[in-house]
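Student: Pasting in a structure now, in structure tokens, and then I'll have a few things to ask.
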Amino acid sequence: MSTHEVYVEYPGHIVFVGFGSVGQGVLPLILRHIGISPERLTVVSAEDAGREEAARYGVKFVKQALSRENFRRVLDGLLGRGDFLLNVSVDVSSLALIRYCWEKGAMYLDTCIEPWPGG
């Protein structure tokens, strides 16, 4: 039995875009303090870094770099109304993801403002 306080029950899905040190550090905090099962979390990352960490917690890991051309296709099956996208990546347009989440009715949080590569 966990001795950590769960602050909110969250019925939706959470999608991490990127999974470097920030994402890997936040994952156990989310699982500890938000009432969500690991099956409702997904990591989408361009790199294999963190794959073992995600697996240790039972979180789905999708190795796929997001680009201007593919981000909608990749995220469409993972994110819907009421879900939450946590962007902890680099070289993925924050503005494109904000617009996408607004269209989907999903919530969004970012650690910074990023353009597409070369922007």
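Letters A, B, ... mark the chains of the structure tokens in the order given; residue numbers begin at 1 per chain; ligand numbers begin at 1, in order shown.
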Env of region 116-119 of chain A: 7 Å cut, atoms = only C-alpha atoms, seq-sep filter 4 positions within chain, self excluded. Answer as a list in words.
Tutor: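 Here the answer would be Asp91, Val92 and Ser93 of chain A.
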Student: Would you kindly return, as a PyMOL selection string, each protein, DNA or RNA residue with an atom no farther than 10 Å from any atom of Phe71 (chain A), considering only C-alpha atoms and excluding same-chain residues fewer than 6 positions away?
Tutor: chain A and resi 64-65+92-93+96-97+100
Student: Taking into account only C-alpha atoms, which residue in the set A:Val62, A:Ala46, A:Ile36, A:Ile98 is nearest to Leu86 (chain A)?
Tutor: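 For Leu86 (chain A), the nearest of the candidates is A:Ile98.
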Student: Identify, on the basis of only C-alpha atoms, every residue whose closest approach to Gly77 (chain A) does not exceed 12 Å; exclude the query and any residue fewer than 3 positions from it along the same chain; express the result as a ChimeraX atom specification.
Tutor: /A:13,15,42,44,62,71-74,80-81,83,104
Student: I need the helix (DSSP H, G or I) residues of region 36-117 of chain A per DSSP on the backbone, written as a PyMOL selection string.
Tutor: chain A and resi 38-40+51-57+71-76+94-104
Student: I need the chosen residues saved as an mmCIF file, in the first residue's frame, with C-alpha atoms.
Tutor:
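And here's result.cif as it stands now:
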data_model
loop_
_atom_site.group_PDB
_atom_site.id
_atom_site.type_symbol
_atom_site.label_atom_id
_atom_site.label_comp_id
_atom_site.auth_asym_id
_atom_site.auth_seq_id
_atom_site.Cartn_x
_atom_site.Cartn_y
_atom_site.Cartn_z
ATOM 1 C CA PRO A 38 0.335 3.016 -16.189
ATOM 2 C CA GLU A 39 -1.693 1.534 -19.061
ATOM 3 C CA ARG A 40 -3.153 5.003 -19.689
ATOM 4 C CA ARG A 51 12.642 2.878 -22.833
ATOM 5 C CA GLU A 52 13.724 0.667 -19.916
ATOM 6 C CA GLU A 53 12.425 3.221 -17.383
ATOM 7 C CA ALA A 54 9.033 3.304 -19.083
ATOM 8 C CA ALA A 55 8.915 -0.501 -19.184
ATOM 9 C CA ARG A 56 9.795 -0.688 -15.484
ATOM 10 C CA TYR A 57 6.621 1.271 -14.729
ATOM 11 C CA PHE A 71 2.856 14.487 -35.724
ATOM 12 C CA ARG A 72 -0.914 14.425 -36.294
ATOM 13 C CA ARG A 73 -0.864 10.870 -37.631
ATOM 14 C CA VAL A 74 1.310 9.643 -34.740
ATOM 15 C CA LEU A 75 -0.712 11.358 -31.998
ATOM 16 C CA ASP A 76 -4.211 10.756 -33.405
ATOM 17 C CA SER A 94 5.144 23.837 -29.258
ATOM 18 C CA LEU A 95 2.731 25.978 -31.275
ATOM 19 C CA ALA A 96 1.770 23.065 -33.519
ATOM 20 C CA LEU A 97 1.111 20.861 -30.471
ATOM 21 C CA ILE A 98 -0.863 23.595 -28.694
ATOM 22 C CA ARG A 99 -3.076 24.025 -31.759
ATOM 23 C CA TYR A 100 -3.453 20.261 -32.150
ATOM 24 C CA CYS A 101 -4.474 19.812 -28.494
ATOM 25 C CA TRP A 102 -6.934 22.708 -28.753
ATOM 26 C CA GLU A 103 -8.530 21.048 -31.810
ATOM 27 C CA LYS A 104 -8.735 17.707 -29.968
#
Student: What is the distance, in Å and to one decimal place, between CA of Tyr108 (chain A) and CA of Ala49 (chain A)?
Tutor: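 Between CA of Tyr108 (chain A) and CA of Ala49 (chain A) the gap works out to 22.7 Å.
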Student: Measuring between only C-alpha atoms, which one of A:Glu69, A:Thr3, A:Val59, A:Ile14 shows the shortest distance to Met107 (chain A)?
Tutor: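 Of the candidates, the smallest distance to Met107 (chain A) is held by A:Ile14.
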Student: Could you tell me how far CA of Leu27 (chain A) lies from CA of Arg68 (chain A), in Å and to one decimal?
Tutor: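 Answer for the CA of Leu27 (chain A) to CA of Arg68 (chain A) separation: 26.2 Å.
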Student: Run DSSP on the backbone and tell me which residues of region 16-71 of chain A come out as strand (DSSP E or B); list them as a list in words.
Tutor: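 Those in region 16-71 of chain A that DSSP calls strand (DSSP E or B) are Phe16, Val17, Ile34, Gly35, Leu41, Thr42, Val43, Val44, Ser45, Lys60, Phe61, Val62 and Lys63 of chain A.
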Student: Near Ile34 (chain A), within 7 Å and counting only C-alpha atoms, which residues show up once chain neighbours fewer than 3 positions away are dropped, as JSON, numbers by chain?
Tutor: {"A": [6, 7, 8, 9, 10, 30, 31]}
Student: Could you write out that same residue set with C-alpha atoms as an mmCIF file, in the first residue's frame?
Tutor:
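Here's the written file part_29.cif:
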data_model
loop_
_atom_site.group_PDB
_atom_site.id
_atom_site.type_symbol
_atom_site.label_atom_id
_atom_site.label_comp_id
_atom_site.auth_asym_id
_atom_site.auth_seq_id
_atom_site.Cartn_x
_atom_site.Cartn_y
_atom_site.Cartn_z
ATOM 1 C CA VAL A 6 -2.965 10.911 -4.463
ATOM 2 C CA TYR A 7 -4.131 14.453 -5.199
ATOM 3 C CA VAL A 8 -6.492 13.773 -8.100
ATOM 4 C CA GLU A 9 -8.034 10.835 -9.926
ATOM 5 C CA TYR A 10 -7.440 11.320 -13.637
ATOM 6 C CA ILE A 30 2.745 11.351 -11.825
ATOM 7 C CA LEU A 31 2.201 7.707 -10.936
#
Student: Between CA of Leu29 (chain A) and CA of Gly58 (chain A), what distance in Å does the model show, to one decimal?
Tutor: 14.4 Å
Student: Out of A:Lys60, A:Gly25, A:Gly35, A:Glu114, which residue has the shortest atom-to-atom distance to Ser89 (chain A) when counting only C-alpha atoms?
Tutor: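 Using only C-alpha atoms, the shortest distance to Ser89 (chain A) belongs to A:Glu114.
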